[in-house]
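Colleague: Enclosed is the structure file coords27.cif (mmCIF, C-alpha atoms and all ligand atoms).
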```cif
data_my_file
#
loop_
_atom_site.label_atom_id
_atom_site.label_comp_id
_atom_site.auth_asym_id
_atom_site.auth_seq_id
_atom_site.Cartn_x
_atom_site.Cartn_y
_atom_site.Cartn_z
CA MET A 1 41.40 -62.14 -20.25
CA ARG A 2 43.76 -62.60 -17.29
CA ALA A 3 43.41 -60.78 -14.07
CA LEU A 4 41.04 -57.90 -14.47
CA THR A 5 41.26 -56.46 -11.01
CA LYS A 6 42.85 -53.11 -10.31
CA PHE A 7 45.43 -52.92 -7.59
CA ARG A 8 45.15 -50.45 -4.81
CA ASN A 9 48.86 -50.54 -4.08
CA ARG A 10 50.48 -48.41 -6.75
CA THR A 11 53.80 -47.79 -5.01
CA ARG A 12 55.76 -49.98 -7.43
CA HIS A 13 54.10 -48.69 -10.56
CA LYS A 14 56.60 -48.31 -13.42
CA THR A 15 56.20 -46.08 -16.45
CA ARG A 16 55.82 -47.40 -19.96
CA SER A 17 59.33 -46.31 -20.89
CA GLU A 18 60.75 -48.21 -17.90
CA VAL A 19 59.04 -51.36 -19.16
CA ALA A 20 60.48 -50.88 -22.63
CA SER A 21 64.01 -49.98 -21.53
CA ARG A 22 64.99 -53.09 -19.58
CA SER A 23 67.90 -54.94 -21.19
CA ASN A 24 68.70 -58.65 -21.73
CA ASP A 25 65.13 -59.57 -22.65
CA PRO A 26 64.50 -61.86 -25.60
CA PRO A 27 63.67 -59.52 -28.51
CA ASN A 28 60.45 -57.61 -27.93
CA VAL A 29 59.10 -59.76 -25.13
CA ALA A 30 57.71 -57.30 -22.60
CA ARG A 31 58.46 -57.58 -18.92
CA VAL A 32 55.81 -58.35 -16.30
CA LEU A 33 55.83 -55.87 -13.45
CA THR A 34 53.32 -57.56 -11.19
CA THR A 35 55.01 -58.96 -8.10
CA GLN A 36 54.35 -62.51 -6.95
CA ALA A 37 52.43 -61.22 -3.93
CA GLU A 38 50.25 -59.10 -6.21
CA THR A 39 49.62 -62.03 -8.56
CA GLN A 40 48.64 -64.21 -5.63
CA ALA A 41 46.29 -61.60 -4.19
CA ASN A 42 44.85 -60.96 -7.62
CA TYR A 43 43.98 -64.60 -8.34
CA ASP A 44 42.68 -65.06 -4.80
CA ARG A 45 40.35 -62.16 -5.52
CA ILE A 46 39.07 -63.36 -8.90
CA ALA A 47 39.04 -67.10 -8.19
CA ARG A 48 35.29 -67.47 -7.78
CA PHE A 49 34.53 -65.40 -10.89
CA TYR A 50 37.20 -67.08 -12.97
CA GLU A 51 35.12 -69.79 -14.58
CA PRO A 52 32.33 -67.58 -16.01
CA LEU A 53 34.83 -64.83 -16.87
CA GLU A 54 37.46 -66.64 -18.82
CA GLY A 55 37.72 -70.33 -18.02
CA ILE A 56 35.04 -71.19 -20.56
CA TRP A 57 36.60 -69.14 -23.38
CA GLU A 58 39.84 -71.06 -23.08
CA ARG A 59 38.23 -74.51 -22.77
CA ARG A 60 38.61 -75.51 -26.44
CA ILE A 61 42.34 -74.78 -26.42
CA ARG A 62 42.95 -76.41 -23.04
CA SER A 63 41.22 -79.57 -24.29
CA ALA A 64 43.46 -79.70 -27.37
CA ALA A 65 46.50 -79.41 -25.11
CA VAL A 66 45.28 -82.14 -22.76
CA SER A 67 44.84 -84.52 -25.73
CA ALA A 68 48.30 -83.61 -27.02
CA LEU A 69 49.95 -84.74 -23.77
CA HIS A 70 48.60 -88.32 -24.09
CA VAL A 71 48.44 -89.04 -20.35
CA GLY A 72 47.85 -92.75 -19.81
CA PRO A 73 46.96 -95.10 -16.94
CA GLY A 74 49.48 -95.23 -14.11
CA GLU A 75 51.23 -91.98 -15.04
CA SER A 76 52.04 -89.06 -12.78
CA VAL A 77 51.35 -85.62 -14.19
CA LEU A 78 52.05 -82.16 -12.81
CA GLU A 79 50.08 -79.06 -13.76
CA ILE A 80 51.74 -75.73 -12.94
CA GLY A 81 49.18 -72.97 -12.42
CA SER A 82 46.34 -75.46 -12.05
CA GLY A 83 43.80 -72.73 -11.27
CA PRO A 84 40.33 -74.08 -10.46
CA GLY A 85 41.43 -77.59 -11.43
CA TYR A 86 39.45 -78.29 -14.62
CA VAL A 87 42.38 -80.01 -16.28
CA LEU A 88 43.65 -81.63 -13.11
CA VAL A 89 40.46 -83.67 -12.85
CA GLU A 90 40.80 -84.76 -16.47
CA PHE A 91 44.41 -85.81 -15.90
CA GLY A 92 43.35 -87.69 -12.77
CA ARG A 93 40.79 -89.66 -14.79
CA LEU A 94 43.28 -90.40 -17.57
CA ALA A 95 45.97 -91.49 -15.08
CA GLY A 96 43.49 -93.77 -13.31
CA PRO A 97 43.75 -95.31 -9.86
CA ASP A 98 47.43 -96.22 -10.27
CA GLY A 99 48.48 -92.76 -11.42
CA VAL A 100 48.28 -89.31 -9.91
CA ALA A 101 47.54 -85.74 -10.99
CA VAL A 102 49.32 -83.04 -9.01
CA GLY A 103 48.55 -79.35 -9.27
CA ILE A 104 50.57 -76.42 -7.98
CA ASP A 105 49.21 -72.89 -7.84
CA LEU A 106 50.23 -69.66 -6.13
CA SER A 107 46.67 -68.75 -5.17
CA SER A 108 45.20 -70.43 -2.10
CA LYS A 109 41.68 -69.70 -3.33
CA MET A 110 42.38 -71.37 -6.67
CA CYS A 111 43.86 -74.33 -4.76
CA GLN A 112 40.65 -74.60 -2.71
CA LEU A 113 38.54 -74.70 -5.89
CA ALA A 114 40.78 -77.36 -7.42
CA HIS A 115 40.77 -79.38 -4.21
CA ARG A 116 36.96 -79.29 -4.14
CA ARG A 117 36.78 -80.41 -7.78
CA LEU A 118 39.18 -83.28 -7.15
CA SER A 119 37.40 -84.45 -4.01
CA VAL A 120 33.95 -84.76 -5.65
CA ASP A 121 35.34 -87.03 -8.36
CA SER A 122 35.77 -90.48 -6.90
CA GLN A 123 37.59 -91.70 -10.05
CA THR A 124 40.42 -89.26 -9.58
CA VAL A 125 43.64 -89.53 -7.62
CA GLY A 126 44.74 -85.94 -7.35
CA VAL A 127 46.34 -83.45 -5.06
CA VAL A 128 46.93 -79.74 -5.23
CA VAL A 129 49.57 -77.75 -3.37
CA GLN A 130 50.00 -74.04 -2.97
CA GLY A 131 53.38 -72.92 -4.28
CA ASP A 132 55.45 -71.21 -6.94
CA GLY A 133 56.08 -72.70 -10.37
CA GLY A 134 59.55 -71.13 -10.25
CA GLY A 135 60.63 -73.36 -7.35
CA LEU A 136 58.90 -76.71 -7.56
CA PRO A 137 58.83 -78.66 -4.28
CA PHE A 138 59.29 -82.03 -6.04
CA ASP A 139 62.20 -84.43 -6.53
CA ASP A 140 64.13 -84.66 -9.79
CA GLY A 141 62.53 -86.98 -12.33
CA ARG A 142 59.36 -87.41 -10.24
CA PHE A 143 56.80 -86.96 -13.08
CA ASP A 144 55.99 -88.58 -16.41
CA ALA A 145 54.33 -85.46 -17.83
CA ALA A 146 53.92 -81.74 -17.14
CA PHE A 147 51.36 -79.21 -18.26
CA MET A 148 50.77 -75.46 -18.22
CA SER A 149 47.88 -73.54 -19.68
CA PHE A 150 47.71 -69.75 -19.77
CA THR A 151 50.22 -69.55 -16.92
CA LEU A 152 53.78 -69.31 -18.34
CA GLU A 153 53.02 -65.89 -19.85
CA LEU A 154 52.31 -64.55 -16.34
CA PHE A 155 55.95 -64.96 -15.31
CA ASP A 156 58.40 -62.13 -15.82
CA THR A 157 60.80 -62.69 -18.72
CA PRO A 158 63.83 -63.96 -16.74
CA GLN A 159 61.55 -66.24 -14.69
CA ILE A 160 60.26 -68.04 -17.80
CA ALA A 161 63.65 -69.75 -18.19
CA VAL A 162 63.59 -70.67 -14.49
CA VAL A 163 60.14 -72.27 -14.76
CA ALA A 164 61.16 -74.14 -17.93
CA ALA A 165 64.31 -75.44 -16.19
CA GLU A 166 62.35 -76.48 -13.09
CA THR A 167 59.85 -78.35 -15.26
CA TYR A 168 62.70 -80.09 -17.06
CA ARG A 169 64.21 -81.10 -13.70
CA ILE A 170 61.06 -82.73 -12.27
CA LEU A 171 60.38 -84.76 -15.45
CA ARG A 172 61.90 -88.19 -15.85
CA SER A 173 64.07 -88.87 -18.85
CA GLY A 174 61.67 -89.18 -21.81
CA GLY A 175 58.96 -87.28 -19.88
CA ARG A 176 56.57 -85.07 -21.86
CA ILE A 177 55.44 -81.47 -21.62
CA ALA A 178 52.54 -79.53 -23.17
CA VAL A 179 52.19 -75.77 -22.80
CA VAL A 180 49.54 -73.39 -24.08
CA SER A 181 50.11 -69.67 -23.85
CA LEU A 182 49.68 -66.40 -25.69
CA ARG A 183 52.06 -66.57 -28.64
CA LYS A 184 54.47 -63.85 -29.68
CA GLU A 185 54.69 -63.51 -33.47
CA ASP A 186 56.72 -61.30 -35.83
CA PRO A 187 55.30 -59.42 -37.55
CA ALA A 188 52.61 -59.05 -34.91
CA PRO A 189 49.01 -59.49 -36.07
CA LEU A 190 46.59 -56.73 -35.14
CA MET A 191 45.13 -58.42 -32.05
CA GLN A 192 48.61 -59.16 -30.70
CA ARG A 193 49.62 -55.52 -31.19
CA GLY A 194 46.48 -54.42 -29.38
CA TYR A 195 47.09 -56.81 -26.50
CA GLU A 196 50.73 -55.78 -26.19
CA TRP A 197 49.70 -52.14 -26.18
CA GLY A 198 47.18 -52.90 -23.41
CA HIS A 199 49.86 -54.66 -21.38
CA SER A 200 52.33 -51.79 -21.72
CA ALA A 201 49.69 -49.16 -20.92
CA PHE A 202 48.05 -51.04 -18.04
CA PRO A 203 50.66 -53.56 -16.85
CA ARG A 204 48.77 -54.46 -13.70
CA LEU A 205 45.40 -54.76 -15.35
CA LEU A 206 46.64 -57.01 -18.18
CA ASP A 207 49.15 -58.98 -16.15
CA CYS A 208 50.53 -61.19 -18.93
CA ARG A 209 51.68 -60.84 -22.55
CA PRO A 210 52.53 -62.97 -25.59
CA ILE A 211 55.76 -64.97 -25.22
CA ARG A 212 57.99 -67.30 -27.27
CA VAL A 213 57.10 -70.62 -25.72
CA GLY A 214 58.88 -72.98 -28.11
CA GLN A 215 62.10 -71.00 -27.76
CA ALA A 216 61.92 -71.04 -23.94
CA LEU A 217 61.35 -74.80 -23.81
CA ALA A 218 64.09 -75.53 -26.36
CA GLN A 219 66.55 -73.40 -24.38
CA ALA A 220 65.75 -75.43 -21.25
CA GLY A 221 66.76 -78.59 -23.14
CA PHE A 222 63.39 -79.91 -24.30
CA MET A 223 63.04 -81.55 -27.68
CA ILE A 224 60.19 -79.72 -29.42
CA GLU A 225 57.85 -82.18 -31.10
CA ASP A 226 55.01 -79.91 -32.09
CA ASP A 227 54.51 -76.14 -32.13
CA GLN A 228 50.98 -75.30 -33.24
CA ARG A 229 49.51 -71.90 -33.83
CA LEU A 230 45.97 -71.63 -32.50
CA SER A 231 43.84 -68.54 -32.09
CA MET A 232 41.51 -67.12 -29.47
CA TRP A 233 39.48 -64.03 -30.37
CA GLY A 234 42.05 -63.46 -33.14
CA LEU A 235 44.91 -63.54 -30.64
CA PRO A 236 47.68 -66.02 -31.51
CA VAL A 237 48.00 -68.87 -29.02
CA ALA A 238 50.82 -71.43 -28.94
CA LEU A 239 50.37 -75.10 -28.19
CA VAL A 240 53.84 -76.53 -27.79
CA VAL A 241 54.53 -80.18 -27.07
CA GLY A 242 57.98 -81.44 -26.16
CA SER A 243 59.90 -84.03 -24.26
CA ARG A 244 62.91 -84.36 -22.05
CA PRO A 245 65.36 -86.32 -24.21
CA ALA A 246 65.87 -89.90 -23.08
CA SER A 247 69.29 -90.30 -21.48
C1 LIG B 1 45.18 -67.57 -16.07
S1 LIG B 1 45.13 -68.72 -14.77
C2 LIG B 1 45.11 -70.27 -15.66
C3 LIG B 1 44.54 -71.37 -14.84
C4 LIG B 1 44.40 -72.71 -15.56
N1 LIG B 1 45.70 -73.21 -15.96
C5 LIG B 1 43.49 -72.57 -16.75
O1 LIG B 1 43.93 -72.74 -17.89
O2 LIG B 1 42.30 -72.31 -16.53
C6 LIG B 1 46.79 -68.66 -14.18
C7 LIG B 1 46.98 -69.45 -12.92
O3 LIG B 1 48.38 -69.44 -12.62
C8 LIG B 1 48.54 -69.22 -11.23
N2 LIG B 1 49.88 -68.66 -11.00
C9 LIG B 1 50.31 -67.41 -11.25
N3 LIG B 1 51.60 -67.25 -10.92
C10 LIG B 1 52.01 -68.46 -10.44
C11 LIG B 1 53.23 -68.94 -9.91
N4 LIG B 1 54.32 -68.15 -9.79
N5 LIG B 1 53.29 -70.24 -9.53
C12 LIG B 1 52.20 -71.04 -9.60
N6 LIG B 1 51.00 -70.63 -10.08
C13 LIG B 1 50.91 -69.36 -10.50
C14 LIG B 1 47.40 -68.29 -10.86
O4 LIG B 1 47.12 -68.30 -9.47
C15 LIG B 1 46.26 -68.84 -11.71
O5 LIG B 1 45.54 -69.83 -11.04
#
```
Can the structure in the file be given as structure tokens, please?
Modeller:
Amino acid sequence: MRALTKFRNRTRHKTRSEVASRSNDPPNVARVLTTQAETQANYDRIARFYEPLEGIWERRIRSAAVSALHVGPGESVLEIGSGPGYVLVEFGRLAGPDGVAVGIDLSSKMCQLAHRRLSVDSQTVGVVVQGDGGGLPFDDGRFDAAFMSFTLELFDTPQIAVVAAETYRILRSGGRIAVVSLRKEDPAPLMQRGYEWGHSAFPRLLDCRPIRVGQALAQAGFMIEDDQRLSMWGLPVALVVGSRPAS
């Protein structure tokens, strides 16, 4: 899964020992070496192949996460890393004509796909903007709910806390969050070990890795309400649901 395109620009390529030797990381969570510009170019490149390549494989898990967020009529919901917009359309339908679904994605090509999906669905009030999940262009407390699927694990380790804090900021008091991502477990099951080996050996080919989602959200101040372990091709996946405590 993830971006399967090789990069021509190898000038910033780090060795495996450099990846392992960085300090101040949460225990064992590998770093991501792909720059934001590379990630953007990568997803621009694979956007039109994304659905047959991997979107379908992840559908079951995404659907479970959408249900877990309980978006209702009149609500505003933000999806970070909205990709081709499958979930955005669902949120738009659930939020109804008085609500809104907003997507943000780094890749302009992904944004175009999502925009197209939203515009053919007359039931949906939705908008997608191109931007970075680490610096959300929205006011504090603007949204009732936030969502990420298979996106948080693409951010480098220090950035995960930044994205979690940004998501906390744009949610109203009592607002909800649901995140699905590759899940880091100890001891690591076989598939996780294999994936982590692949990431360390080919950091630009496998541009994400398993992370500790519940821990990242709790550190940002979220109350964790559910932390489920799911599985995809034997790889542990986390579905974490939380809320911004009511003030
Ligand atoms: C693996 S895809 C997942 C897409 C969608 N959430 C899904 O489940 O099908 C990751 C998405 O995150 C986007 N992305 C990567 N880095 C990002 C960033 N810094 N800010 C916003 N979006 C980002 C990519 O462009 C891509 O569309």
Colleague: If you measure from atom CA of A:Gln192 to atom CA of A:Gln219, what distance in Å do you get, rounded to one decimal?
Modeller: 23.8 Å
Colleague: Kindly provide, as an MDAnalysis selection string, all nucleotide and amino acid residues lying within 8 Å of ligand LIG 1 (chain B), counting all atoms listed in the file.
Modeller: chainID A and resid 1:3 36 39:40 42:44 47 51 54:55 58:59 62 79:87 104:108 110:111 130:134 148:152 154:155
Colleague: I'd like to know which of A:Ser243, A:Thr35, A:Ser173, A:Asn28 is closest to A:Arg212, using all atoms listed in the file.
Modeller: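 Under the stated criterion, the closest residue is A:Asn28.
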Colleague: Considering only C-alpha atoms, state which residue in the set A:Val125, A:Val77, A:Ile177, A:Leu239 is at the smallest distance from A:Pro97.
Modeller: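 Looking at the shortest contact to A:Pro97, the residue is A:Val125.
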Colleague: Would you kindly return, as a list in words, each protein, DNA or RNA residue with an atom no farther than 12 Å from any atom of A:Ser247, considering only C-alpha atoms and excluding same-chain residues fewer than 3 positions away?
Modeller: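 Here the answer would be Gly141, Arg172, Ser173, Gly174, Gly175, Ser243 and Arg244 of chain A.
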Colleague: Could you work out how far atom CA of A:Leu217 lies from atom CA of A:Val66, giving the answer in Å with one decimal?
Modeller: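 If I compute the distance from atom CA of A:Val66 to atom CA of A:Leu217, I get 17.7 Å.
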